[in-house]
Structures are given as structure tokens and as C-alpha cells.
$ cat entry_33.tsv   # TSV, N, CA and C atoms
chain	number	residue	atom	x	y	z
A	1	MET	N	64.58	-53.57	69.11
A	1	MET	CA	64.99	-54.72	68.35
A	1	MET	C	64.72	-54.43	66.87
A	2	PRO	N	65.73	-54.62	65.99
A	2	PRO	CA	65.52	-54.34	64.58
A	2	PRO	C	64.61	-55.39	63.94
A	3	GLN	N	63.73	-54.91	63.06
A	3	GLN	CA	62.82	-55.83	62.40
A	3	GLN	C	63.53	-56.53	61.25
A	4	LYS	N	63.12	-57.78	61.00
A	4	LYS	CA	63.69	-58.57	59.93
A	4	LYS	C	63.13	-58.05	58.60
A	5	LYS	N	64.01	-57.85	57.62
A	5	LYS	CA	63.57	-57.36	56.32
A	5	LYS	C	62.99	-58.52	55.52
A	6	ILE	N	61.79	-58.36	55.01
A	6	ILE	CA	61.11	-59.40	54.25
A	6	ILE	C	61.47	-59.24	52.78
A	7	SER	N	61.92	-60.34	52.16
A	7	SER	CA	62.27	-60.28	50.74
A	7	SER	C	61.00	-60.11	49.91
A	8	THR	N	61.19	-59.62	48.70
A	8	THR	CA	60.03	-59.40	47.83
A	8	THR	C	59.40	-60.72	47.42
A	9	LEU	N	60.20	-61.78	47.29
A	9	LEU	CA	59.63	-63.08	46.92
A	9	LEU	C	58.71	-63.60	48.02
A	10	ALA	N	59.17	-63.52	49.27
A	10	ALA	CA	58.35	-64.00	50.38
A	10	ALA	C	57.08	-63.17	50.52
A	11	ALA	N	57.18	-61.87	50.28
A	11	ALA	CA	56.00	-61.01	50.38
A	11	ALA	C	55.00	-61.30	49.27
A	12	LYS	N	55.49	-61.68	48.09
A	12	LYS	CA	54.60	-61.97	46.97
A	12	LYS	C	53.94	-63.34	47.09
A	13	VAL	N	54.68	-64.32	47.60
A	13	VAL	CA	54.23	-65.71	47.56
A	13	VAL	C	53.38	-66.07	48.78
A	14	LEU	N	53.87	-65.80	49.98
A	14	LEU	CA	53.17	-66.22	51.21
A	14	LEU	C	52.16	-65.17	51.64
A	15	LYS	N	50.91	-65.59	51.83
A	15	LYS	CA	49.89	-64.67	52.34
A	15	LYS	C	49.92	-64.66	53.86
A	16	GLU	N	49.67	-65.83	54.46
A	16	GLU	CA	49.59	-65.93	55.92
A	16	GLU	C	49.66	-67.39	56.32
A	17	PRO	N	50.11	-67.66	57.54
A	17	PRO	CA	50.03	-69.05	58.03
A	17	PRO	C	48.57	-69.38	58.35
A	18	GLN	N	48.19	-70.61	58.06
A	18	GLN	CA	46.82	-71.03	58.34
A	18	GLN	C	46.80	-71.70	59.70
A	19	VAL	N	46.04	-71.14	60.62
A	19	VAL	CA	45.98	-71.65	61.99
A	19	VAL	C	44.62	-72.32	62.18
A	20	THR	N	44.61	-73.65	62.04
A	20	THR	CA	43.42	-74.44	62.26
A	20	THR	C	43.78	-75.60	63.17
A	21	GLU	N	42.79	-76.37	63.56
A	21	GLU	CA	43.06	-77.52	64.42
A	21	GLU	C	43.94	-78.54	63.70
A	22	LYS	N	43.65	-78.79	62.44
A	22	LYS	CA	44.44	-79.75	61.68
A	22	LYS	C	45.86	-79.23	61.46
A	23	ALA	N	46.00	-77.95	61.16
A	23	ALA	CA	47.32	-77.38	60.94
A	23	ALA	C	48.16	-77.43	62.21
A	24	SER	N	47.55	-77.21	63.37
A	24	SER	CA	48.31	-77.26	64.62
A	24	SER	C	48.68	-78.69	64.99
A	25	SER	N	47.90	-79.68	64.53
A	25	SER	CA	48.30	-81.07	64.79
A	25	SER	C	49.43	-81.50	63.85
A	26	LEU	N	49.54	-80.88	62.68
A	26	LEU	CA	50.62	-81.20	61.74
A	26	LEU	C	51.97	-80.66	62.22
A	27	VAL	N	51.96	-79.70	63.15
A	27	VAL	CA	53.21	-79.14	63.67
A	27	VAL	C	54.04	-80.23	64.34
A	28	ASN	N	53.37	-81.22	64.95
A	28	ASN	CA	54.10	-82.33	65.59
A	28	ASN	C	54.88	-83.16	64.58
A	29	GLN	N	54.47	-83.12	63.31
A	29	GLN	CA	55.16	-83.85	62.24
A	29	GLN	C	56.08	-82.93	61.44
A	30	ASN	N	56.42	-81.76	61.99
A	30	ASN	CA	57.26	-80.75	61.33
A	30	ASN	C	56.66	-80.27	60.02
A	31	GLN	N	55.34	-80.15	59.96
A	31	GLN	CA	54.66	-79.64	58.78
A	31	GLN	C	53.88	-78.38	59.15
A	32	TYR	N	53.98	-77.37	58.31
A	32	TYR	CA	53.31	-76.10	58.55
A	32	TYR	C	52.47	-75.75	57.33
A	33	VAL	N	51.32	-75.12	57.56
A	33	VAL	CA	50.37	-74.82	56.49
A	33	VAL	C	50.31	-73.30	56.28
A	34	PHE	N	50.43	-72.88	55.01
A	34	PHE	CA	50.39	-71.47	54.65
A	34	PHE	C	49.38	-71.26	53.53
A	35	LYS	N	48.67	-70.12	53.57
A	35	LYS	CA	47.90	-69.70	52.41
A	35	LYS	C	48.88	-68.98	51.49
A	36	VAL	N	48.81	-69.30	50.19
A	36	VAL	CA	49.76	-68.73	49.23
A	36	VAL	C	49.00	-68.13	48.06
A	37	TRP	N	49.69	-67.31	47.26
A	37	TRP	CA	49.08	-66.71	46.09
A	37	TRP	C	48.82	-67.78	45.05
A	38	PRO	N	47.72	-67.69	44.31
A	38	PRO	CA	47.30	-68.76	43.39
A	38	PRO	C	48.30	-69.09	42.28
A	39	ARG	N	49.13	-68.16	41.87
A	39	ARG	CA	50.06	-68.43	40.77
A	39	ARG	C	51.43	-68.90	41.24
A	40	SER	N	51.60	-69.10	42.53
A	40	SER	CA	52.91	-69.54	43.03
A	40	SER	C	53.07	-71.04	42.84
A	41	ASN	N	54.33	-71.48	42.70
A	41	ASN	CA	54.61	-72.90	42.53
A	41	ASN	C	55.45	-73.41	43.69
A	42	LYS	N	55.75	-74.71	43.68
A	42	LYS	CA	56.43	-75.34	44.82
A	42	LYS	C	57.81	-74.76	45.07
A	43	SER	N	58.58	-74.52	44.01
A	43	SER	CA	59.94	-74.02	44.21
A	43	SER	C	59.93	-72.60	44.77
A	44	GLU	N	58.98	-71.76	44.34
A	44	GLU	CA	58.88	-70.40	44.89
A	44	GLU	C	58.48	-70.43	46.36
A	45	ILE	N	57.56	-71.32	46.71
A	45	ILE	CA	57.12	-71.43	48.10
A	45	ILE	C	58.27	-71.90	48.98
A	46	LYS	N	59.01	-72.90	48.51
A	46	LYS	CA	60.15	-73.42	49.26
A	46	LYS	C	61.17	-72.32	49.51
A	47	GLN	N	61.51	-71.57	48.47
A	47	GLN	CA	62.51	-70.51	48.59
A	47	GLN	C	62.02	-69.40	49.53
A	48	ALA	N	60.74	-69.06	49.46
A	48	ALA	CA	60.19	-67.99	50.31
A	48	ALA	C	60.21	-68.39	51.78
A	49	VAL	N	59.83	-69.64	52.10
A	49	VAL	CA	59.82	-70.10	53.49
A	49	VAL	C	61.24	-70.16	54.03
A	50	GLU	N	62.19	-70.63	53.22
A	50	GLU	CA	63.58	-70.70	53.68
A	50	GLU	C	64.14	-69.31	53.94
A	51	GLU	N	63.82	-68.33	53.08
A	51	GLU	CA	64.31	-66.97	53.27
A	51	GLU	C	63.67	-66.30	54.49
A	52	LEU	N	62.36	-66.46	54.62
A	52	LEU	CA	61.64	-65.74	55.66
A	52	LEU	C	61.89	-66.31	57.05
A	53	TYR	N	61.88	-67.63	57.18
A	53	TYR	CA	61.98	-68.26	58.50
A	53	TYR	C	63.35	-68.86	58.80
A	54	GLY	N	64.24	-68.97	57.81
A	54	GLY	CA	65.58	-69.49	58.05
A	54	GLY	C	65.61	-70.96	58.40
A	55	VAL	N	64.77	-71.77	57.76
A	55	VAL	CA	64.72	-73.22	58.01
A	55	VAL	C	65.00	-73.96	56.70
A	56	ASN	N	65.30	-75.26	56.81
A	56	ASN	CA	65.52	-76.08	55.63
A	56	ASN	C	64.22	-76.81	55.29
A	57	VAL	N	63.69	-76.58	54.11
A	57	VAL	CA	62.44	-77.19	53.67
A	57	VAL	C	62.75	-78.50	52.97
A	58	LEU	N	62.10	-79.58	53.42
A	58	LEU	CA	62.29	-80.89	52.79
A	58	LEU	C	61.37	-81.08	51.59
A	59	ASN	N	60.08	-80.79	51.74
A	59	ASN	CA	59.17	-80.87	50.60
A	59	ASN	C	57.97	-79.96	50.80
A	60	VAL	N	57.28	-79.71	49.69
A	60	VAL	CA	56.11	-78.83	49.68
A	60	VAL	C	54.98	-79.54	48.95
A	61	ASN	N	53.81	-79.59	49.57
A	61	ASN	CA	52.60	-80.11	48.93
A	61	ASN	C	51.62	-78.95	48.78
A	62	ILE	N	50.95	-78.90	47.63
A	62	ILE	CA	50.03	-77.80	47.33
A	62	ILE	C	48.62	-78.35	47.17
A	63	VAL	N	47.64	-77.63	47.74
A	63	VAL	CA	46.23	-78.00	47.63
A	63	VAL	C	45.47	-76.77	47.14
A	64	ASN	N	44.68	-76.95	46.08
A	64	ASN	CA	43.77	-75.89	45.62
A	64	ASN	C	42.43	-76.12	46.29
A	65	VAL	N	42.07	-75.24	47.22
A	65	VAL	CA	40.80	-75.36	47.93
A	65	VAL	C	39.73	-74.68	47.07
A	66	PRO	N	38.69	-75.41	46.66
A	66	PRO	CA	37.69	-74.83	45.75
A	66	PRO	C	36.78	-73.82	46.46
A	67	SER	N	36.13	-72.97	45.65
A	67	SER	CA	35.17	-72.02	46.21
A	67	SER	C	33.88	-72.76	46.55
A	68	LYS	N	33.10	-72.17	47.46
A	68	LYS	CA	31.85	-72.79	47.89
A	68	LYS	C	30.72	-71.78	47.79
A	69	GLN	N	29.53	-72.28	47.47
A	69	GLN	CA	28.36	-71.41	47.45
A	69	GLN	C	27.83	-71.23	48.87
A	70	ARG	N	27.46	-70.00	49.19
A	70	ARG	CA	26.89	-69.67	50.49
A	70	ARG	C	25.57	-68.95	50.27
A	71	ARG	N	24.67	-69.07	51.24
A	71	ARG	CA	23.37	-68.44	51.15
A	71	ARG	C	23.12	-67.57	52.36
A	72	LEU	N	22.49	-66.44	52.10
A	72	LEU	CA	22.02	-65.57	53.17
A	72	LEU	C	20.59	-65.18	52.80
A	73	GLY	N	19.62	-65.90	53.35
A	73	GLY	CA	18.23	-65.70	52.96
A	73	GLY	C	18.02	-66.21	51.54
A	74	ARG	N	17.50	-65.33	50.67
A	74	ARG	CA	17.29	-65.74	49.29
A	74	ARG	C	18.48	-65.44	48.39
A	75	ILE	N	19.44	-64.75	48.91
A	75	ILE	CA	20.59	-64.33	48.12
A	75	ILE	C	21.68	-65.40	48.20
A	76	THR	N	22.15	-65.84	47.05
A	76	THR	CA	23.26	-66.79	47.04
A	76	THR	C	24.51	-66.06	46.59
A	77	GLY	N	25.61	-66.42	47.21
A	77	GLY	CA	26.89	-65.85	46.86
A	77	GLY	C	27.92	-66.95	46.83
A	78	GLU	N	29.15	-66.57	46.67
A	78	GLU	CA	30.21	-67.55	46.61
A	78	GLU	C	31.38	-67.11	47.46
A	79	ARG	N	31.84	-68.01	48.31
A	79	ARG	CA	33.04	-67.76	49.09
A	79	ARG	C	34.21	-68.21	48.23
A	80	GLY	N	35.15	-67.35	48.03
A	80	GLY	CA	36.24	-67.64	47.11
A	80	GLY	C	37.13	-68.77	47.58
A	81	GLY	N	37.69	-69.49	46.63
A	81	GLY	CA	38.64	-70.53	46.95
A	81	GLY	C	40.03	-69.93	47.14
A	82	TYR	N	40.98	-70.77	47.50
A	82	TYR	CA	42.34	-70.30	47.70
A	82	TYR	C	43.30	-71.47	47.52
A	83	LYS	N	44.57	-71.16	47.55
A	83	LYS	CA	45.60	-72.17	47.40
A	83	LYS	C	46.37	-72.25	48.71
A	84	LYS	N	46.61	-73.46	49.19
A	84	LYS	CA	47.38	-73.59	50.43
A	84	LYS	C	48.54	-74.54	50.20
A	85	ALA	N	49.59	-74.35	50.97
A	85	ALA	CA	50.79	-75.16	50.85
A	85	ALA	C	51.11	-75.78	52.20
A	86	VAL	N	51.40	-77.08	52.20
A	86	VAL	CA	51.84	-77.78	53.40
A	86	VAL	C	53.34	-77.97	53.25
A	87	VAL	N	54.11	-77.34	54.13
A	87	VAL	CA	55.56	-77.32	54.03
A	87	VAL	C	56.15	-78.19	55.13
A	88	LYS	N	57.00	-79.15	54.75
A	88	LYS	CA	57.67	-80.00	55.73
A	88	LYS	C	59.10	-79.51	55.88
A	89	ILE	N	59.51	-79.30	57.15
A	89	ILE	CA	60.86	-78.80	57.39
A	89	ILE	C	61.71	-79.89	58.06
A	90	LYS	N	63.00	-79.62	58.11
A	90	LYS	CA	63.96	-80.57	58.66
A	90	LYS	C	63.68	-80.81	60.14
A	91	PRO	N	63.79	-82.07	60.62
A	91	PRO	CA	63.56	-82.35	62.05
A	91	PRO	C	64.52	-81.55	62.93
A	92	GLY	N	64.00	-81.07	64.04
A	92	GLY	CA	64.80	-80.28	64.96
A	92	GLY	C	64.65	-78.78	64.75
A	93	GLN	N	64.12	-78.38	63.60
A	93	GLN	CA	63.89	-76.97	63.33
A	93	GLN	C	62.43	-76.63	63.62
A	94	LYS	N	62.16	-75.34	63.82
A	94	LYS	CA	60.81	-74.94	64.21
A	94	LYS	C	60.49	-73.57	63.61
A	95	ILE	N	59.23	-73.39	63.24
A	95	ILE	CA	58.73	-72.09	62.81
A	95	ILE	C	57.75	-71.63	63.87
A	96	GLU	N	57.96	-70.43	64.38
A	96	GLU	CA	57.06	-69.89	65.40
A	96	GLU	C	55.92	-69.17	64.68
A	97	VAL	N	54.80	-69.89	64.49
A	97	VAL	CA	53.66	-69.32	63.78
A	97	VAL	C	52.89	-68.37	64.68
A	98	LEU	N	52.56	-68.80	65.87
A	98	LEU	CA	51.90	-67.95	66.85
A	98	LEU	C	52.71	-67.92	68.13
A	99	PRO	N	52.93	-66.75	68.72
A	99	PRO	CA	53.63	-66.72	70.00
A	99	PRO	C	52.79	-67.38	71.08
A	100	ARG	N	53.43	-68.16	71.91
A	100	ARG	CA	52.69	-68.87	72.96
A	100	ARG	C	52.75	-68.16	74.27
$ encode --input "entry_33.tsv" --output "C-alpha cells"
Amino acid sequence: MPQKKISTLAAKVLKEPQVTEKASSLVNQNQYVFKVWPRSNKSEIKQAVEELYGVNVLNVNIVNVPSKQRRLGRITGERGGYKKAVVKIKPGQKIEVLPR
């Protein structure tokens, strides 16, 4: 089976789908959650998801998740923050995030 060619925009913008309990419950509302590069904007994310998955995106919401301090004994460090996008697609369409 030939592999689908990934556009450079989709490769630059989308890091990975975020698979959490909340993200899997949003699938019932046709919303999918992706980790994205920090400098990407809503229009780039919309275009990348439409190119990569072949679906119609209705809207995109972006959340900047802040970094958090973590401790290991006496040493404190910081877990880096990231940017995530919640993408709503047209009803009846589906993105296969994880094979079942």
C-alpha cells in the first residue's frame, strides 16, 4: 500500500495527536486535540489538518499550556509548556487517531 505524502506545512505545524481521557471524550463531539508548534496560528493548523486528514475543519481553538515546576529530591526543574489545538470537524467525518 503506498504511503500518503505529508505536506511540508502539516509536518511543520502538527506535532502529534494528544491522546488523553478528555481528548477521547471530545471525539464524540467531532473535536480532536493536537499538539502543535508554538509559532503556528489557527489558519495554518486548519490548513494542515485538512491537507493531512482530508476533512473539513469548522473551527480551531488554541490553548497555551504553561510550563510547570517539578522536583526530584532537592533538585528543582521545569517541565516545558506546549501549545495545543482543539479542532472541530464537519459532522459525519472522522479522523482515525489511533487504530482500534
$ atom_distance --input "entry_33.tsv" --atom1 "CA of Ile95 in chain A" --atom2 "atom N of Asn41 in chain A"
20.6 Å
$ atom_distance --input "entry_33.tsv" --atom1 "atom C of Asn30 in chain A" --atom2 "CA of Leu58 in chain A"
9.2 Å
$ atom_distance --input "entry_33.tsv" --atom1 "CA of Lys68 in chain A" --atom2 "CA of Val13 in chain A"
23.5 Å
$ closest_residue --input "entry_33.tsv" --among "A:Asn61, A:Ser67, A:Ser40, A:Asn56" --to "Lys15 in chain A" --atoms "only C-alpha atoms"
A:Ser40
$ residues_around --input "entry_33.tsv" --residues "Val87 in chain A" --least-positions-apart "2" --cutoff "9 Å" --atoms "only C-alpha atoms" --output "JSON, numbers by chain"
{"A": [30, 31, 32, 33, 34, 45, 46, 49, 57, 58, 59, 60, 61, 62, 85, 89]}
$ closest_residue --input "entry_33.tsv" --among "A:Val19, A:Leu52, A:Ile75, A:Leu9" --to "Val97 in chain A" --atoms "only C-alpha atoms"
A:Val19
$ decode --input "entry_33.tsv" --residues "chain A" --atoms "C-alpha atoms" --output "short mmCIF file (atom, residue, chain, number, x, y, z; two decimals), in the first residue's frame"
data_model
loop_
_atom_site.label_atom_id
_atom_site.label_comp_id
_atom_site.auth_asym_id
_atom_site.auth_seq_id
_atom_site.Cartn_x
_atom_site.Cartn_y
_atom_site.Cartn_z
CA MET A 1 0.00 0.00 0.00
CA PRO A 2 1.52 3.37 -0.98
CA GLN A 3 2.13 5.77 1.87
CA LYS A 4 0.40 9.15 1.89
CA LYS A 5 2.80 12.01 1.20
CA ILE A 6 2.81 14.54 4.06
CA SER A 7 2.93 18.18 3.01
CA THR A 8 5.62 20.39 4.46
CA LEU A 9 3.01 22.60 6.16
CA ALA A 10 1.45 19.66 8.01
CA ALA A 11 4.89 18.38 9.02
CA LYS A 12 5.89 21.81 10.36
CA VAL A 13 2.66 22.64 12.19
CA LEU A 14 1.28 19.41 13.69
CA LYS A 15 3.45 17.56 16.21
CA GLU A 16 1.18 14.71 17.31
CA PRO A 17 -2.41 13.96 18.30
CA GLN A 18 -2.94 14.22 22.03
CA VAL A 19 -4.49 11.03 23.38
CA THR A 20 -5.95 11.67 26.83
CA GLU A 21 -9.21 10.81 28.54
CA LYS A 22 -10.61 14.27 27.87
CA ALA A 23 -9.45 14.24 24.25
CA SER A 24 -11.11 10.87 23.64
CA SER A 25 -14.38 12.15 25.12
CA LEU A 26 -14.25 15.16 22.75
CA VAL A 27 -14.24 12.77 19.77
CA ASN A 28 -17.99 12.26 20.35
CA GLN A 29 -18.45 15.99 19.65
CA ASN A 30 -16.32 15.80 16.45
CA GLN A 31 -13.41 17.58 18.17
CA TYR A 32 -9.82 16.36 18.03
CA VAL A 33 -6.83 17.59 20.05
CA PHE A 34 -3.33 18.03 18.58
CA LYS A 35 -0.03 19.26 19.98
CA VAL A 36 1.24 21.95 17.61
CA TRP A 37 4.38 24.05 17.17
CA PRO A 38 4.34 27.20 19.34
CA ARG A 39 4.53 29.68 16.44
CA SER A 40 1.64 28.19 14.46
CA ASN A 41 -1.68 30.03 14.14
CA LYS A 42 -5.29 28.96 13.61
CA SER A 43 -5.32 29.25 9.82
CA GLU A 44 -2.11 27.19 9.47
CA ILE A 45 -3.48 24.50 11.78
CA LYS A 46 -6.77 24.37 9.86
CA GLN A 47 -4.98 24.05 6.52
CA ALA A 48 -2.61 21.36 7.84
CA VAL A 49 -5.42 19.19 9.28
CA GLU A 50 -7.45 19.49 6.08
CA GLU A 51 -4.45 18.50 3.93
CA LEU A 52 -3.26 15.66 6.14
CA TYR A 53 -6.57 14.01 7.05
CA GLY A 54 -8.84 15.13 4.18
CA VAL A 55 -11.63 16.52 6.39
CA ASN A 56 -13.47 19.85 6.55
CA VAL A 57 -12.48 21.88 9.62
CA LEU A 58 -15.21 24.07 11.09
CA ASN A 59 -13.16 25.89 13.75
CA VAL A 60 -9.91 25.76 15.69
CA ASN A 61 -9.34 26.71 19.34
CA ILE A 62 -5.81 27.15 20.67
CA VAL A 63 -4.60 26.70 24.26
CA ASN A 64 -1.12 27.60 25.53
CA VAL A 65 -0.37 25.07 28.26
CA PRO A 66 2.09 26.68 30.71
CA SER A 67 5.27 25.04 32.00
CA LYS A 68 5.29 23.56 35.50
CA GLN A 69 7.98 23.21 38.13
CA ARG A 70 8.89 19.65 39.10
CA ARG A 71 11.05 18.35 41.92
CA LEU A 72 13.24 15.32 42.24
CA GLY A 73 14.68 15.31 45.75
CA ARG A 74 16.39 18.66 46.30
CA ILE A 75 16.71 19.42 42.61
CA THR A 76 14.00 21.52 41.01
CA GLY A 77 13.45 21.57 37.29
CA GLU A 78 10.82 22.66 34.88
CA ARG A 79 8.62 20.63 32.58
CA GLY A 80 8.21 22.61 29.42
CA GLY A 81 4.90 24.02 28.30
CA TYR A 82 3.37 23.47 24.89
CA LYS A 83 0.64 24.68 22.58
CA LYS A 84 -2.38 22.53 21.77
CA ALA A 85 -5.19 22.95 19.28
CA VAL A 86 -8.75 21.66 19.56
CA VAL A 87 -10.04 21.14 16.02
CA LYS A 88 -13.76 20.72 15.27
CA ILE A 89 -14.61 18.94 12.03
CA LYS A 90 -17.77 18.64 9.97
CA PRO A 91 -20.38 16.16 11.34
CA GLY A 92 -20.20 12.76 9.67
CA GLN A 93 -16.45 12.96 9.09
CA LYS A 94 -13.87 11.19 11.22
CA ILE A 95 -10.13 11.27 11.91
CA GLU A 96 -8.60 7.93 12.84
CA VAL A 97 -6.19 9.00 15.59
CA LEU A 98 -5.49 5.53 16.97
CA PRO A 99 -6.30 2.26 15.19
CA ARG A 100 -8.85 0.28 17.15
#
